[in-house]
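Visitor: File coords-v7.cif below, mmCIF, C-alpha atoms and all ligand atoms:
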data_data
loop_
_atom_site.label_atom_id
_atom_site.label_comp_id
_atom_site.auth_asym_id
_atom_site.auth_seq_id
_atom_site.Cartn_x
_atom_site.Cartn_y
_atom_site.Cartn_z
CA MET A 1 -172.99 -73.32 134.63
CA ASN A 2 -171.03 -76.18 133.22
CA ARG A 3 -167.46 -76.08 132.00
CA GLU A 4 -168.45 -75.73 128.35
CA GLU A 5 -170.65 -72.72 129.06
CA ALA A 6 -167.90 -71.10 131.09
CA PHE A 7 -165.30 -71.68 128.41
CA ASP A 8 -167.65 -70.44 125.66
CA SER A 9 -168.13 -67.25 127.62
CA VAL A 10 -164.36 -66.85 128.01
CA LYS A 11 -163.93 -67.23 124.25
CA ASP A 12 -166.75 -64.74 123.61
CA ASN A 13 -165.14 -62.12 125.83
CA VAL A 14 -161.43 -62.64 125.27
CA GLU A 15 -159.72 -62.36 121.90
CA ASN A 16 -156.13 -62.59 123.09
CA GLY A 17 -155.12 -66.25 122.81
CA ASN A 18 -152.40 -65.86 125.41
CA LEU A 19 -154.90 -64.54 127.92
CA VAL A 20 -157.17 -67.51 127.23
CA LYS A 21 -154.19 -69.81 127.79
CA HIS A 22 -153.40 -68.03 131.04
CA MET A 23 -156.93 -68.75 132.23
CA LEU A 24 -156.72 -72.39 131.10
CA ALA A 25 -153.44 -72.77 132.99
CA THR A 26 -154.97 -71.20 136.09
CA GLU A 27 -157.92 -73.58 135.79
CA ALA A 28 -155.65 -76.61 135.55
CA ILE A 29 -153.67 -75.66 138.66
CA MET A 30 -156.80 -74.75 140.61
CA ARG A 31 -158.30 -78.16 139.78
CA ALA A 32 -155.15 -79.90 140.97
CA LEU A 33 -155.13 -77.90 144.19
CA ALA A 34 -158.82 -78.58 144.82
CA GLY A 35 -158.08 -82.26 144.38
CA ARG A 36 -155.24 -82.02 146.88
CA PHE A 37 -157.42 -80.22 149.41
CA GLY A 38 -160.50 -82.37 148.86
CA GLU A 39 -162.41 -79.31 147.62
CA ASP A 40 -164.84 -79.04 144.71
CA GLU A 41 -162.64 -79.40 141.63
CA GLU A 42 -165.28 -78.04 139.26
CA GLU A 43 -165.94 -74.94 141.37
CA TRP A 44 -162.26 -74.21 141.85
CA GLY A 45 -161.39 -74.98 138.23
CA LEU A 46 -164.09 -72.72 136.87
CA THR A 47 -163.00 -69.93 139.22
CA GLY A 48 -159.57 -70.13 137.63
CA LEU A 49 -161.00 -70.37 134.14
CA LEU A 50 -163.19 -67.29 134.56
CA HIS A 51 -160.99 -65.09 136.75
CA ASP A 52 -159.74 -62.74 134.00
CA ILE A 53 -162.79 -62.88 131.74
CA ASP A 54 -163.21 -59.10 131.95
CA VAL A 55 -159.63 -58.03 131.18
CA GLU A 56 -160.37 -56.92 127.63
CA LEU A 57 -163.79 -55.52 128.48
CA THR A 58 -162.32 -53.32 131.22
CA GLU A 59 -159.48 -52.13 128.96
CA GLY A 60 -156.86 -51.86 131.66
CA ASP A 61 -159.09 -50.04 134.14
CA MET A 62 -157.99 -51.72 137.36
CA ASN A 63 -160.88 -50.13 139.24
CA SER A 64 -163.31 -52.11 137.10
CA HIS A 65 -161.24 -55.23 136.53
CA SER A 66 -162.50 -58.19 138.53
CA LYS A 67 -165.62 -56.29 139.68
CA LEU A 68 -167.08 -56.81 136.23
CA GLY A 69 -165.51 -60.28 136.15
CA ALA A 70 -167.26 -61.24 139.38
CA ASP A 71 -170.57 -59.94 137.98
CA LEU A 72 -170.12 -61.86 134.73
CA ALA A 73 -169.30 -65.01 136.67
CA ARG A 74 -172.46 -64.56 138.79
CA GLU A 75 -174.52 -64.12 135.63
CA LEU A 76 -173.12 -67.41 134.40
CA GLY A 77 -174.25 -69.02 137.63
CA ALA A 78 -171.08 -68.90 139.71
CA SER A 79 -171.44 -69.23 143.46
CA GLU A 80 -170.78 -66.26 145.74
CA ALA A 81 -167.58 -68.00 146.85
CA MET A 82 -166.35 -68.07 143.25
CA ALA A 83 -167.37 -64.46 142.61
CA HIS A 84 -165.59 -63.36 145.79
CA ALA A 85 -162.37 -65.10 144.81
CA ILE A 86 -162.51 -63.42 141.40
CA LEU A 87 -163.23 -60.02 142.93
CA CYS A 88 -160.41 -60.04 145.46
CA HIS A 89 -157.72 -61.39 143.12
CA ASN A 90 -157.35 -57.76 142.01
CA GLU A 91 -155.79 -56.03 145.01
CA THR A 92 -156.92 -52.62 143.78
CA HIS A 93 -160.27 -53.10 145.44
CA GLY A 94 -158.74 -53.75 148.84
CA VAL A 95 -161.06 -56.70 149.41
CA PRO A 96 -159.26 -59.06 151.78
CA LEU A 97 -158.54 -62.64 150.85
CA GLU A 98 -160.77 -64.61 153.17
CA THR A 99 -161.31 -68.16 152.04
CA LYS A 100 -158.94 -70.85 150.91
CA LEU A 101 -160.38 -70.43 147.42
CA ASP A 102 -159.58 -66.68 147.51
CA LYS A 103 -156.01 -67.35 148.62
CA THR A 104 -155.49 -70.16 146.18
CA LEU A 105 -156.55 -68.13 143.15
CA PHE A 106 -154.40 -65.24 144.32
CA CYS A 107 -151.14 -67.19 144.52
CA THR A 108 -151.86 -69.41 141.51
CA ASP A 109 -152.52 -66.52 139.11
CA PRO A 110 -148.88 -65.32 138.81
CA LEU A 111 -147.42 -68.84 138.96
CA THR A 112 -148.85 -69.57 135.50
CA GLY A 113 -147.01 -66.58 134.06
CA LEU A 114 -143.71 -67.63 135.58
CA ILE A 115 -144.05 -71.17 134.25
CA ILE A 116 -145.07 -70.00 130.77
CA ALA A 117 -142.12 -67.58 130.66
CA ALA A 118 -139.76 -70.34 131.81
CA THR A 119 -141.11 -72.53 129.02
CA LEU A 120 -140.71 -69.90 126.32
CA VAL A 121 -136.99 -69.39 127.02
CA ARG A 122 -136.33 -73.07 126.38
CA PRO A 123 -134.97 -73.92 122.92
CA ASP A 124 -137.95 -76.20 122.21
CA LYS A 125 -140.46 -73.89 123.96
CA LYS A 126 -142.17 -76.99 125.34
CA LEU A 127 -143.44 -77.70 128.83
CA ALA A 128 -142.60 -81.40 128.62
CA GLY A 129 -138.89 -81.01 129.29
CA LEU A 130 -139.17 -78.18 131.79
CA GLU A 131 -138.12 -79.21 135.28
CA ALA A 132 -139.41 -77.72 138.50
CA LYS A 133 -135.86 -76.86 139.54
CA SER A 134 -135.52 -74.58 136.49
CA VAL A 135 -138.72 -72.80 137.44
CA LYS A 136 -137.40 -72.38 140.99
CA LYS A 137 -134.20 -70.89 139.62
CA LYS A 138 -136.23 -68.45 137.53
CA PHE A 139 -138.29 -67.61 140.59
CA LYS A 140 -135.11 -66.33 142.23
CA GLU A 141 -134.12 -64.22 139.21
CA LYS A 142 -136.14 -61.15 140.06
CA SER A 143 -135.77 -59.53 136.64
CA PHE A 144 -137.06 -62.62 134.85
CA ALA A 145 -140.79 -62.35 134.06
CA ALA A 146 -140.91 -59.53 136.58
CA GLY A 147 -144.68 -59.21 136.11
CA ALA A 148 -145.14 -62.55 137.84
CA SER A 149 -145.16 -61.28 141.42
CA ARG A 150 -142.87 -63.45 143.52
CA GLU A 151 -144.48 -62.12 146.69
CA GLN A 152 -147.87 -63.18 145.45
CA ILE A 153 -146.66 -66.66 144.47
CA ALA A 154 -144.97 -67.03 147.85
CA LEU A 155 -148.36 -66.59 149.50
CA CYS A 156 -148.82 -70.29 148.76
CA SER A 157 -147.60 -70.57 152.35
CA GLU A 158 -151.06 -69.30 153.33
CA ILE A 159 -152.60 -72.44 151.84
CA GLY A 160 -150.07 -74.71 153.45
CA PHE A 161 -147.63 -75.12 150.58
CA GLU A 162 -143.87 -74.85 150.51
CA LEU A 163 -142.79 -72.90 147.46
CA ASP A 164 -141.01 -75.90 145.92
CA GLU A 165 -144.03 -78.11 146.24
CA PHE A 166 -146.32 -75.41 144.87
CA ILE A 167 -144.15 -74.99 141.78
CA GLU A 168 -143.98 -78.75 141.28
CA LEU A 169 -147.75 -79.14 141.49
CA GLY A 170 -148.37 -76.16 139.21
CA LEU A 171 -145.91 -77.38 136.62
CA ALA A 172 -147.37 -80.89 136.62
CA ALA A 173 -150.89 -79.52 136.24
CA MET A 174 -149.86 -77.34 133.30
CA LYS A 175 -148.02 -80.24 131.66
CA GLY A 176 -151.31 -82.10 131.79
CA ILE A 177 -152.87 -79.56 129.42
CA ALA A 178 -149.73 -78.75 127.40
CA ALA A 179 -151.52 -79.35 124.10
CA ASP A 180 -154.28 -76.86 124.98
CA LEU A 181 -151.61 -74.37 125.95
CA GLY A 182 -149.70 -74.95 122.73
CA LEU A 183 -146.58 -75.48 124.82
FE FE B 201 -154.88 -63.79 135.93
#
For this file, write the structure as structure tokens.
Guide:
Amino acid sequence: MNREEAFDSVKDNVENGNLVKHMLATEAIMRALAGRFGEDEEEWGLTGLLHDIDVELTEGDMNSHSKLGADLARELGASEAMAHAILCHNETHGVPLETKLDKTLFCTDPLTGLIIAATLVRPDKKLAGLEAKSVKKKFKEKSFAAGASREQIALCSEIGFELDEFIELGLAAMKGIAADLGL
């Protein structure tokens, strides 16, 4: 599977533009983290890009979500490591996070939502002027973008990141694809 095939499949299976953007943002951060760790940027990026491919197909059924996604990813040619990371990012299944890839997807997923929400409350609604310190402030406001699990983001400690550094890297990665995100 190359990146184009993966993205085509995302577009075939996901109508909601915001969900597609969430997956693009996750991809961008996963690529940056893979680069930092000396891991396979393509494998990690595509794991992020594909991780929620089944959200519309599973129609909110959390018992199916990410099981189907892992199967779809395998059909596209994803490695078992990628499929496992996709499967266990939904805690419903009780599949433990084992690898660094698993843990990285898990803590990156909600970070994108926090950063997008922090962007959308800016007057210009643009990522360019958003500073990491503003995102950190929003992190501490529990009621802000409450769906972005702070506990889950804080698990960046499991991959050796301080929260501040994790937010900085995630923000920079998302700024790099701001045009694709429309932000
Ligand atoms: Fe997600």
Visitor: Residues at most 8 Å from segment 105-112 of chain A, counting all atoms listed in the file, excluding those fewer than 2 positions away in the same chain, as number ranges by chain?
Guide: A: 22, 25-26, 29-30, 47-48, 85-86, 89, 101-103, 114-116, 147-150, 152-156, 167, 170
Visitor: So which residues touch segment 63-73 of chain A within 9 Å, counting all atoms listed in the file, skipping near sequence neighbours fewer than 3 positions away, as a list in words?
Guide: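 Contacts, in chain order: Ala6, Thr47, Leu50, His51, Asp52, Ile53, Asp54, Val55, Leu57, Thr58, Glu59, Gly60, Leu76, Gly77, Ala78, Ser79, Glu80, Met82, Ala83, His84, Ala85, Ile86, Leu87, Cys88, His89, Asn90, Thr92 and His93 of chain A.
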Visitor: In Å, how far is it from atom CA of Arg122 of chain A to atom CA of Ser134 of chain A?
Guide: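 Answer for the atom CA of Arg122 of chain A to atom CA of Ser134 of chain A separation: 10.3 Å.
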Visitor: Which residues, written as an NGL selection string, have at least one atom at most 12 Å from Ala172 of chain A, with all atoms listed in the file counted and residues fewer than 4 positions away on the same chain left out?
Guide: :A and (25 or 28-33 or 112 or 115 or 127-132 or 135 or 165-168 or 176-178)
Visitor: Restrict the selected residues to C-alpha atoms and save them as a compact mmCIF listing (two decimals), in the frame of the given file.
Guide:
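File written: again09.txt
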# COMPACT_ATOMS: atom_id res chain seq x y z
CA ALA A 25 -153.44 -72.77 132.99
CA ALA A 28 -155.65 -76.61 135.55
CA ILE A 29 -153.67 -75.66 138.66
CA MET A 30 -156.80 -74.75 140.61
CA ARG A 31 -158.30 -78.16 139.78
CA ALA A 32 -155.15 -79.90 140.97
CA LEU A 33 -155.13 -77.90 144.19
CA THR A 112 -148.85 -69.57 135.50
CA ILE A 115 -144.05 -71.17 134.25
CA LEU A 127 -143.44 -77.70 128.83
CA ALA A 128 -142.60 -81.40 128.62
CA GLY A 129 -138.89 -81.01 129.29
CA LEU A 130 -139.17 -78.18 131.79
CA GLU A 131 -138.12 -79.21 135.28
CA ALA A 132 -139.41 -77.72 138.50
CA VAL A 135 -138.72 -72.80 137.44
CA GLU A 165 -144.03 -78.11 146.24
CA PHE A 166 -146.32 -75.41 144.87
CA ILE A 167 -144.15 -74.99 141.78
CA GLU A 168 -143.98 -78.75 141.28
CA GLY A 176 -151.31 -82.10 131.79
CA ILE A 177 -152.87 -79.56 129.42
CA ALA A 178 -149.73 -78.75 127.40
Visitor: Distance atom CA of Ala173 of chain A-atom CA of Gly45 of chain A, one decimal place?
Guide: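 Separating atom CA of Ala173 of chain A from atom CA of Gly45 of chain A is a distance of 11.6 Å.
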Visitor: Fewer than 6 positions away in the same chain doesn't count, so skip those; otherwise give me all residues within 10 Å of Arg3 of chain A, counting only C-alpha atoms, as JSON, numbers by chain.
Guide: {"A": [9, 42, 43, 45, 46, 49]}
Visitor: How many Å lie between atom CA of Glu27 of chain A and atom CA of Asn13 of chain A, rounded to one decimal?
Guide: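 For atom CA of Glu27 of chain A relative to atom CA of Asn13 of chain A, the distance reads 16.8 Å.
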Visitor: Compare A:Gly35, A:Gly113, A:Pro96, A:Pro123 by their minimum atom-to-atom distance to ligand FE 201 (chain B), counting all atoms listed in the file, and give me the closest one.
Guide: A:Gly113
Visitor: What would segment 51-83 of chain A look like with N, CA and C atoms in place, written as a compact mmCIF listing (two decimals), keeping the file's coordinate frame?
Guide:
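rebuild14.txt, freshly written:
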# COMPACT_ATOMS: atom_id res chain seq x y z
N HIS A 51 -161.43 -66.20 135.89
CA HIS A 51 -160.99 -65.09 136.75
C HIS A 51 -160.60 -63.81 136.00
N ASP A 52 -160.13 -63.94 134.76
CA ASP A 52 -159.74 -62.74 134.00
C ASP A 52 -160.66 -62.49 132.81
N ILE A 53 -161.87 -62.97 132.88
CA ILE A 53 -162.79 -62.88 131.74
C ILE A 53 -163.06 -61.43 131.31
N ASP A 54 -162.87 -60.50 132.25
CA ASP A 54 -163.21 -59.10 131.95
C ASP A 54 -162.00 -58.24 131.56
N VAL A 55 -160.84 -58.84 131.41
CA VAL A 55 -159.63 -58.03 131.18
C VAL A 55 -159.74 -57.16 129.93
N GLU A 56 -160.26 -57.73 128.85
CA GLU A 56 -160.37 -56.92 127.63
C GLU A 56 -161.54 -55.95 127.73
N LEU A 57 -162.61 -56.38 128.35
CA LEU A 57 -163.79 -55.52 128.48
C LEU A 57 -163.48 -54.29 129.33
N THR A 58 -162.61 -54.44 130.31
CA THR A 58 -162.32 -53.32 131.22
C THR A 58 -161.14 -52.48 130.73
N GLU A 59 -160.52 -52.91 129.65
CA GLU A 59 -159.48 -52.13 128.96
C GLU A 59 -158.44 -51.53 129.90
N GLY A 60 -157.95 -52.33 130.79
CA GLY A 60 -156.86 -51.86 131.66
C GLY A 60 -157.31 -51.00 132.83
N ASP A 61 -158.61 -50.81 132.99
CA ASP A 61 -159.09 -50.04 134.14
C ASP A 61 -159.12 -50.96 135.36
N MET A 62 -158.11 -50.81 136.21
CA MET A 62 -157.99 -51.72 137.36
C MET A 62 -159.10 -51.51 138.38
N ASN A 63 -159.76 -50.35 138.32
CA ASN A 63 -160.88 -50.13 139.24
C ASN A 63 -162.13 -50.92 138.83
N SER A 64 -162.17 -51.31 137.56
CA SER A 64 -163.31 -52.11 137.10
C SER A 64 -162.95 -53.59 137.03
N HIS A 65 -161.66 -53.85 136.71
CA HIS A 65 -161.24 -55.23 136.53
C HIS A 65 -161.54 -56.05 137.79
N SER A 66 -162.12 -57.18 137.54
CA SER A 66 -162.50 -58.19 138.53
C SER A 66 -163.83 -57.87 139.22
N LYS A 67 -164.24 -56.58 139.24
CA LYS A 67 -165.62 -56.29 139.68
C LYS A 67 -166.56 -56.79 138.59
N LEU A 68 -166.27 -56.36 137.36
CA LEU A 68 -167.08 -56.81 136.23
C LEU A 68 -166.95 -58.33 136.09
N GLY A 69 -165.73 -58.83 136.27
CA GLY A 69 -165.51 -60.28 136.15
C GLY A 69 -166.37 -61.06 137.14
N ALA A 70 -166.44 -60.57 138.36
CA ALA A 70 -167.26 -61.24 139.38
C ALA A 70 -168.74 -61.20 138.98
N ASP A 71 -169.17 -60.05 138.43
CA ASP A 71 -170.57 -59.94 137.98
C ASP A 71 -170.86 -60.90 136.83
N LEU A 72 -169.93 -60.95 135.87
CA LEU A 72 -170.12 -61.86 134.73
C LEU A 72 -170.18 -63.31 135.20
N ALA A 73 -169.31 -63.63 136.14
CA ALA A 73 -169.30 -65.01 136.67
C ALA A 73 -170.64 -65.32 137.34
N ARG A 74 -171.15 -64.35 138.13
CA ARG A 74 -172.46 -64.56 138.79
C ARG A 74 -173.55 -64.78 137.75
N GLU A 75 -173.51 -63.97 136.68
CA GLU A 75 -174.52 -64.12 135.63
C GLU A 75 -174.48 -65.51 135.01
N LEU A 76 -173.27 -66.06 134.95
CA LEU A 76 -173.12 -67.41 134.40
C LEU A 76 -173.56 -68.49 135.40
N GLY A 77 -173.79 -68.07 136.62
CA GLY A 77 -174.25 -69.02 137.63
C GLY A 77 -173.21 -69.39 138.66
N ALA A 78 -172.11 -68.61 138.71
CA ALA A 78 -171.08 -68.90 139.71
C ALA A 78 -171.61 -68.67 141.12
N SER A 79 -171.08 -69.41 142.05
CA SER A 79 -171.44 -69.23 143.46
C SER A 79 -170.83 -67.92 143.97
N GLU A 80 -171.34 -67.47 145.12
CA GLU A 80 -170.78 -66.26 145.74
C GLU A 80 -169.31 -66.48 146.10
N ALA A 81 -168.98 -67.69 146.49
CA ALA A 81 -167.58 -68.00 146.85
C ALA A 81 -166.68 -67.80 145.64
N MET A 82 -167.14 -68.23 144.47
CA MET A 82 -166.35 -68.07 143.25
C MET A 82 -166.23 -66.58 142.89
N ALA A 83 -167.37 -65.88 142.96
CA ALA A 83 -167.37 -64.46 142.61
C ALA A 83 -166.45 -63.68 143.55
